[in-house]
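Working notes, beginning with the structure itself.
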Amino acid sequence: MITLKDAEEYAQFSRLSANENAALKNEGIVKNLEKYQQMGYLQENCVTRIEHPEVPYLEYYLQNRIQYLILQVTQQCNLRCGYCIYSGAYPHQRTHSVQKVTWETAKEALDYYLEHSTDASRVTVGFYGGEPLLALGLIKRCVQYVKDHVKGKKIAFHITTNGTLLDPETFAYLNEQGFQILISLDGGKTEHDRNRRFVDGTGSFDVIMNNIRRIRELYPEDVKTIMFNAVMTPQSDLSCMMETFRTDEVLSDHHVMFNDVADALGDDPEAHERFWSLRRFEYLKFYLALGNKLPWSAVSPMAERALSNLYTTYEQMQGREQMTSCMHHNGPCVAGSARLFVTTNGDLYPCQNVSELYDYFRIGNLRDGIDVEKVRRLVNNGIITENRCIDCWKLRLCSICSQNIKFGGKTITEDDKMVNCRQQEGLLLDYLMTIAILRDLDYEMDYGAKR
Amino acid sequence: MKTVLFPYTDDMEVILVHDGFRDLQIIGADSFPENRVRIPESRRIDLSDSVGAEGLVILPDTLPEGEEEIRRISGITRERGIPVLRRITDETDRLNYEPLKKELPVDEYSGMVDKRYPIPVPVVMIVSAGCSCGKFETHLTVSEEFEKAGYKVTDLCSNPLGALFGMYTVPPFLDSGTIGYGEKIRTLNKYVWCVYQKEKPDVIILSVPGGVFFRTDDPKEPYGEYLGIFSQAVEADAVILNIYDDMQIDTQEDMEDLATNLQYRFGFSVYSIMRQRVIARRNEETGIYEYYHLPLAGRKEEDLVINGKDELKETVAVLIQEMQEGTSEV
Ligand code: SF4
């Protein structure tokens, strides 16, 4: 990436980018153009075709390299969180149900995974719900089955739980088996209980914290491996949430991830403004800290996440490898290989975030295996906007996964995807501006300096 | 030697394809339960059935998590009087396993006059774009084709498993941290010459460890250092370059760029470029490259075909013809 600080050069390139043909006759402009071309920038566009680089290898990946199995052990949950995607508020998502996976289906899923992951360097199984701890017995059986059938590589287990059933005994078992435990917790009592309530409407905060305190007493070191996922909604008091995770005697030792539920913003412009202005403020403090204009103690961990995104984009911008005639934008993983989500009835999806109601995302079932064509459609989504992508300045930078595109459920159109393209443009321009401002603050985005 | 293999790795497929070459006879193969299915059914055995085996070979590049099972199986095998061959990486291994290597004893090549020893027979060198790019398979195929054409071949193989086929393996001084680069060149030159003197072959085939481009995780081998040593120590008459399946070398111009690159860095011209069924992918979590061997092998015997093999045989045939006609520089 180059930032033009020289006013004359800037004017010259502005003329060029305004497509002034006369500019190409100007000797100074041509010289500068050549200078940057020699440095690897401003190359002729050689892209003629859009195809995801893994498309030729999909069969191989799906046959031998499934890396992560996520098993939906139950669709039941003992909470009814306000923003839950299964709450019924989202027309394209299923709702809570009493369906549970049977041992036969779970075993079939594990067998399918083990048989199709022979080239993966580890076995990773995640348990998902509903609330997966409602099916602890089945989880234990799955764990034993995997341990009995895998002897030559590392085994990892993950569980995402609401924490209400995580008593010390359950923790001891999961910990002994090496589980990575992620608990959904939205900060302090007020913040958390606003959305995360039991079926009878009572808040779940006290129950979870009571569990964590008891675990802490018995396993003061091991308890620290528990991670938290905090969901931010437009109603959330961000600063209060941050404060809780930073100062709470029990929580401050743990790794916290922050997520937002943009869908829950609804159409209320005030809610949007409140939500985004708070975030912008957090980011501003963070960037000022980078430029040594503010102490780090004033910065929230939520904003720190922005740095890794910024660095990733910056690194991509720095890349000056030759473009090739066939390219694809970022975003899609190798669906079904990076992750394989198996529902209680044995249907296969690329991950737990996609709509289980859309056939578009159902990439197969345990009996018939994975439909490679459906995977190809998800992975090779650049083809939807092929003509635009070929000429797009963001081709190496943008990141659009099929799961993030809003569409009617049948097929994704160019218009559907263009909504995401415009978002990407805004985001990338924001990053560019941030990088330029950080430079003005004397913060150099070089990797060695990464905090 | 009547041999049993454990566990399944990409190299196992290669060895099974070349079962019967020279003195190697594979009785069968076994693996960890999670990837036994990759062994062709007709070759799959339970290790406890390895009646008549003269050796169990533990294939290199297994993950540390498999060590417990490997030690258990090796122990049982040894108790039954069958030696267990393995690449030795630490002192405990030295006690438990027969080393999987073939090297000249140090006194056979050290202490000689300091001069460059010209190798009097043709040398074919097999190199690759990066690690794990099918050199072992290429090496075996080239050797086999030369032998079929009636030539006596001596090999120096980049893969320790070459020892199963009577090939010399990479001499230890190349990995030494106390010997300088120039000294390694001199010693390797002597080493290859001594191997020649001992074996008196018609042709020498060398495969060079590591790769010539960036994809490597070995800090000792950042930019084709081994190849730098090999190319200076031994003048190759023909160089075969293996590339990954997805390397974009499609046009004549791409080929020329690649040839020029190797010419100025290592001083040789490439005789043939072989596209291998391997892709290299960086694991974002660990930051290291992983190598994916693409053939969907292991289910059926007929799947055990390494792509590019036919083309390679043609290349060797042309090379042999040129040697016979004297039209090649070889
Ligand atoms: S922003 Fe849209 S048009 Fe541009 S590269 Fe990304 S997907 Fe293609």
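The way I read the labels, and the way they are meant: chains A, B, ... in the order of the structure tokens, residue 1 as the first residue of every chain, and ligand 1 as the first ligand shown, with later ones counted on from there.
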Closest atom pairs, chain A residues within 8 Å of ligand 1, only C-alpha atoms and all ligand atoms, as a Markdown table:
| residue | atom | partner | partner_atom_place_in_ligand_line | distance |
| --- | --- | --- | --- | --- |
| A:His328 | CA | ligand 1 | 5 (S) | 7.6 |
| A:His329 | CA | ligand 1 | 5 (S) | 5.5 |
| A:Asn330 | CA | ligand 1 | 6 (Fe) | 7.9 |
| A:Gly382 | CA | ligand 1 | 7 (S) | 5.9 |
| A:Thr385 | CA | ligand 1 | 8 (Fe) | 5.8 |
| A:Glu386 | CA | ligand 1 | 8 (Fe) | 6.8 |
| A:Asn387 | CA | ligand 1 | 3 (S) | 7.8 |
| A:Arg388 | CA | ligand 1 | 3 (S) | 4.6 |
| A:Cys389 | CA | ligand 1 | 8 (Fe) | 3.5 |
| A:Ile390 | CA | ligand 1 | 8 (Fe) | 7.2 |
| A:Asp391 | CA | ligand 1 | 3 (S) | 7.7 |
| A:Cys392 | CA | ligand 1 | 4 (Fe) | 4.6 |
| A:Trp393 | CA | ligand 1 | 4 (Fe) | 6.7 |
| A:Lys394 | CA | ligand 1 | 5 (S) | 4.9 |
| A:Leu395 | CA | ligand 1 | 5 (S) | 3.6 |
| A:Arg396 | CA | ligand 1 | 5 (S) | 7.0 |
| A:Leu397 | CA | ligand 1 | 6 (Fe) | 7.4 |
| A:Cys398 | CA | ligand 1 | 6 (Fe) | 4.8 |
| A:Ser399 | CA | ligand 1 | 6 (Fe) | 6.6 |
| A:Ile400 | CA | ligand 1 | 7 (S) | 6.5 |
| A:Lys417 | CA | ligand 1 | 2 (Fe) | 7.2 |
| A:Met418 | CA | ligand 1 | 2 (Fe) | 6.2 |
| A:Asn420 | CA | ligand 1 | 2 (Fe) | 7.0 |
| A:Cys421 | CA | ligand 1 | 1 (S) | 3.9 |
| A:Arg422 | CA | ligand 1 | 1 (S) | 6.7 |
| A:Gln424 | CA | ligand 1 | 1 (S) | 5.8 |
| A:Glu425 | CA | ligand 1 | 1 (S) | 6.3 |
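Backbone DSSP over segment 281-358 of chain A yields alpha helix (DSSP H) at Phe281, Glu282, Tyr283, Leu284, Lys285, Phe286, Tyr287, Leu288, Ala289, Leu290, Pro301, Met302, Ala303, Glu304, Arg305, Ala306, Leu307, Ser308, Asn309, Leu310, Tyr311, Thr312, Thr313, Tyr314, Glu315, Gln316, Met317 and Gln318 of chain A.
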Interface, chain A side, toward chain B (12 Å; only C-alpha atoms) as a VMD selection string: chain A and resid 53 to 65 67 110 to 123 145 to 156 322 to 327 338
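From atom CA of Gln25 of chain B back to atom CA of Lys152 of chain B, the distance works out to 20.4 Å.
For segment 140-280 of chain B, backbone-based DSSP assignment of strand (DSSP E or B) covers Val153, Thr154, Asp155, Leu156, Cys157, Tyr168, Thr169, Val203, Ile204, Ile205, Leu206, Ser207, Ala238, Val239, Ile240, Leu241, Asn242, Ile243, Val270, Tyr271, Ser272, Ile273, Met274, Arg275, Val278, Ile279 and Ala280 of chain B.
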Those residues you just picked out, can you put them in a file as a compact mmCIF listing (two decimals), in the first residue's frame with N, CA, C and O atoms?
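result.txt was written with the following content:
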# COMPACT_ATOMS: atom_id res chain seq x y z
N VAL B 153 22.31 -48.53 -11.65
CA VAL B 153 22.02 -47.23 -11.03
C VAL B 153 22.47 -47.21 -9.57
O VAL B 153 22.27 -48.18 -8.85
N THR B 154 23.08 -46.12 -9.17
CA THR B 154 23.33 -45.89 -7.75
C THR B 154 22.62 -44.60 -7.36
O THR B 154 22.60 -43.63 -8.12
N ASP B 155 22.02 -44.62 -6.17
CA ASP B 155 21.18 -43.48 -5.79
C ASP B 155 21.64 -42.84 -4.48
O ASP B 155 22.13 -43.53 -3.59
N LEU B 156 21.40 -41.55 -4.40
CA LEU B 156 21.50 -40.84 -3.13
C LEU B 156 20.12 -40.20 -2.95
O LEU B 156 19.75 -39.30 -3.70
N CYS B 157 19.36 -40.70 -1.97
CA CYS B 157 17.94 -40.34 -1.89
C CYS B 157 17.68 -39.35 -0.77
O CYS B 157 18.19 -39.50 0.34
N TYR B 168 21.53 -44.91 -1.01
CA TYR B 168 22.23 -44.14 0.02
C TYR B 168 21.30 -43.02 0.48
O TYR B 168 20.54 -42.47 -0.33
N THR B 169 21.36 -42.71 1.76
CA THR B 169 20.51 -41.63 2.28
C THR B 169 21.37 -40.39 2.52
O THR B 169 22.59 -40.43 2.36
N VAL B 203 25.03 -44.83 -13.98
CA VAL B 203 24.38 -43.54 -13.79
C VAL B 203 24.12 -43.33 -12.29
O VAL B 203 23.88 -44.29 -11.56
N ILE B 204 24.24 -42.07 -11.86
CA ILE B 204 23.95 -41.75 -10.45
C ILE B 204 22.70 -40.87 -10.42
O ILE B 204 22.59 -39.91 -11.18
N ILE B 205 21.79 -41.22 -9.53
CA ILE B 205 20.58 -40.40 -9.39
C ILE B 205 20.56 -39.82 -7.98
O ILE B 205 20.67 -40.55 -6.99
N LEU B 206 20.44 -38.51 -7.93
CA LEU B 206 20.42 -37.82 -6.63
C LEU B 206 19.10 -37.10 -6.48
O LEU B 206 18.65 -36.42 -7.40
N SER B 207 18.48 -37.23 -5.31
CA SER B 207 17.35 -36.32 -5.05
C SER B 207 17.77 -35.41 -3.90
O SER B 207 18.41 -35.86 -2.94
N ALA B 238 21.38 -33.83 -15.95
CA ALA B 238 19.95 -33.55 -16.21
C ALA B 238 19.28 -33.27 -14.88
O ALA B 238 19.51 -33.99 -13.90
N VAL B 239 18.49 -32.22 -14.85
CA VAL B 239 17.77 -31.88 -13.61
C VAL B 239 16.27 -32.00 -13.86
O VAL B 239 15.74 -31.43 -14.81
N ILE B 240 15.63 -32.76 -13.00
CA ILE B 240 14.17 -32.88 -13.10
C ILE B 240 13.59 -32.09 -11.93
O ILE B 240 13.95 -32.31 -10.77
N LEU B 241 12.70 -31.16 -12.26
CA LEU B 241 12.11 -30.30 -11.22
C LEU B 241 10.66 -30.70 -10.97
O LEU B 241 9.85 -30.72 -11.90
N ASN B 242 10.33 -31.01 -9.74
CA ASN B 242 8.94 -31.28 -9.36
C ASN B 242 8.29 -29.97 -8.90
O ASN B 242 8.89 -29.25 -8.11
N ILE B 243 7.09 -29.73 -9.36
CA ILE B 243 6.37 -28.55 -8.87
C ILE B 243 5.03 -28.99 -8.29
O ILE B 243 4.54 -30.07 -8.58
N VAL B 270 17.08 -26.78 -16.36
CA VAL B 270 16.12 -27.83 -16.04
C VAL B 270 15.84 -28.67 -17.28
O VAL B 270 15.60 -28.14 -18.36
N TYR B 271 15.93 -29.96 -17.11
CA TYR B 271 15.66 -30.85 -18.24
C TYR B 271 14.16 -31.07 -18.38
O TYR B 271 13.62 -31.13 -19.46
N SER B 272 13.49 -31.21 -17.23
CA SER B 272 12.08 -31.55 -17.29
C SER B 272 11.36 -31.04 -16.04
O SER B 272 11.93 -31.06 -14.95
N ILE B 273 10.14 -30.57 -16.22
CA ILE B 273 9.35 -30.13 -15.06
C ILE B 273 8.18 -31.09 -14.88
O ILE B 273 7.44 -31.35 -15.83
N MET B 274 8.05 -31.63 -13.67
CA MET B 274 6.98 -32.59 -13.42
C MET B 274 5.98 -31.98 -12.43
O MET B 274 6.36 -31.60 -11.33
N ARG B 275 4.74 -31.90 -12.87
CA ARG B 275 3.71 -31.41 -11.95
C ARG B 275 3.26 -32.57 -11.06
O ARG B 275 2.85 -33.60 -11.57
N VAL B 278 0.46 -32.74 -5.52
CA VAL B 278 0.65 -32.25 -4.15
C VAL B 278 0.35 -30.75 -4.15
O VAL B 278 0.74 -30.05 -5.08
N ILE B 279 -0.34 -30.28 -3.12
CA ILE B 279 -0.47 -28.83 -2.95
C ILE B 279 0.05 -28.47 -1.56
O ILE B 279 -0.01 -29.29 -0.65
N ALA B 280 0.56 -27.27 -1.44
CA ALA B 280 1.08 -26.82 -0.14
C ALA B 280 0.15 -25.74 0.37
O ALA B 280 -0.20 -24.81 -0.35
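Relative to atom CA of Asn195 of chain A, atom CA of Ile159 of chain A is found at 21.1 Å.
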For Glu108 of chain B: contacts at 12 Å, only C-alpha atoms, fewer than 6 positions along chain excluded, given as a ChimeraX atom specification: /B:187,190-195,197-198
In Å, with one decimal, what is the gap from atom CA of Pro160 of chain B to atom CA of Leu100 of chain B? 6.2 Å
At a cut-off of 8 Å, using only C-alpha atoms, what residues contact Tyr443 of chain A? Leave out same-chain residues fewer than 5 positions from it and give the result as a list in words. Leu290, Gly291 and Leu438 of chain A
I need the chosen residues saved as a tab-separated table (two decimals), in the first residue's frame, with all heavy atoms.
chain	number	residue	atom	x	y	z
A	290	LEU	N	-2.71	3.72	20.33
A	290	LEU	CA	-1.65	3.26	19.43
A	290	LEU	C	-0.68	4.39	19.11
A	290	LEU	O	0.52	4.18	18.96
A	290	LEU	CB	-2.25	2.76	18.11
A	290	LEU	CG	-2.85	1.36	18.08
A	290	LEU	CD1	-3.38	1.06	16.69
A	290	LEU	CD2	-1.83	0.31	18.46
A	291	GLY	N	-1.21	5.57	18.97
A	291	GLY	CA	-0.37	6.72	18.66
A	291	GLY	C	0.19	7.38	19.92
A	291	GLY	O	0.61	8.53	19.88
A	438	LEU	N	-3.30	6.79	11.39
A	438	LEU	CA	-2.30	6.24	12.30
A	438	LEU	C	-0.90	6.67	11.88
A	438	LEU	O	-0.04	6.92	12.71
A	438	LEU	CB	-2.40	4.71	12.36
A	438	LEU	CG	-3.57	4.18	13.19
A	438	LEU	CD1	-3.70	2.67	13.02
A	438	LEU	CD2	-3.37	4.51	14.68
When you look at Glu249 of chain A with a cut-off of 12 Å (counting only C-alpha atoms), what residues show up, excluding the ones that are within fewer than 6 positions of it in the same chain? I need them as a short mmCIF file (atom, residue, chain, number, x, y, z; two decimals) with N, CA and C atoms, in the first residue's frame.
data_model
loop_
_atom_site.label_atom_id
_atom_site.label_comp_id
_atom_site.auth_asym_id
_atom_site.auth_seq_id
_atom_site.Cartn_x
_atom_site.Cartn_y
_atom_site.Cartn_z
N GLY A 188 -22.15 -8.00 33.24
CA GLY A 188 -22.73 -8.04 34.59
C GLY A 188 -24.19 -8.49 34.59
N MET A 209 -22.89 -17.64 37.45
CA MET A 209 -21.80 -17.16 38.30
C MET A 209 -21.59 -18.07 39.51
N ILE A 212 -19.57 -20.90 38.30
CA ILE A 212 -18.16 -20.55 38.06
C ILE A 212 -17.42 -20.37 39.39
N ARG A 213 -18.09 -19.79 40.36
CA ARG A 213 -17.44 -19.62 41.67
C ARG A 213 -17.11 -20.96 42.30
N ARG A 216 -14.31 -22.49 40.56
CA ARG A 216 -13.08 -21.75 40.88
C ARG A 216 -12.49 -22.21 42.22
N GLU A 243 -16.36 -3.00 31.62
CA GLU A 243 -15.89 -2.82 32.99
C GLU A 243 -16.02 -4.12 33.78
#
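Each of A:Leu71, A:Ile405, A:Val375, A:Val231 was compared to Phe341 of chain A using only C-alpha atoms, and A:Leu71 turns out to be the nearest.
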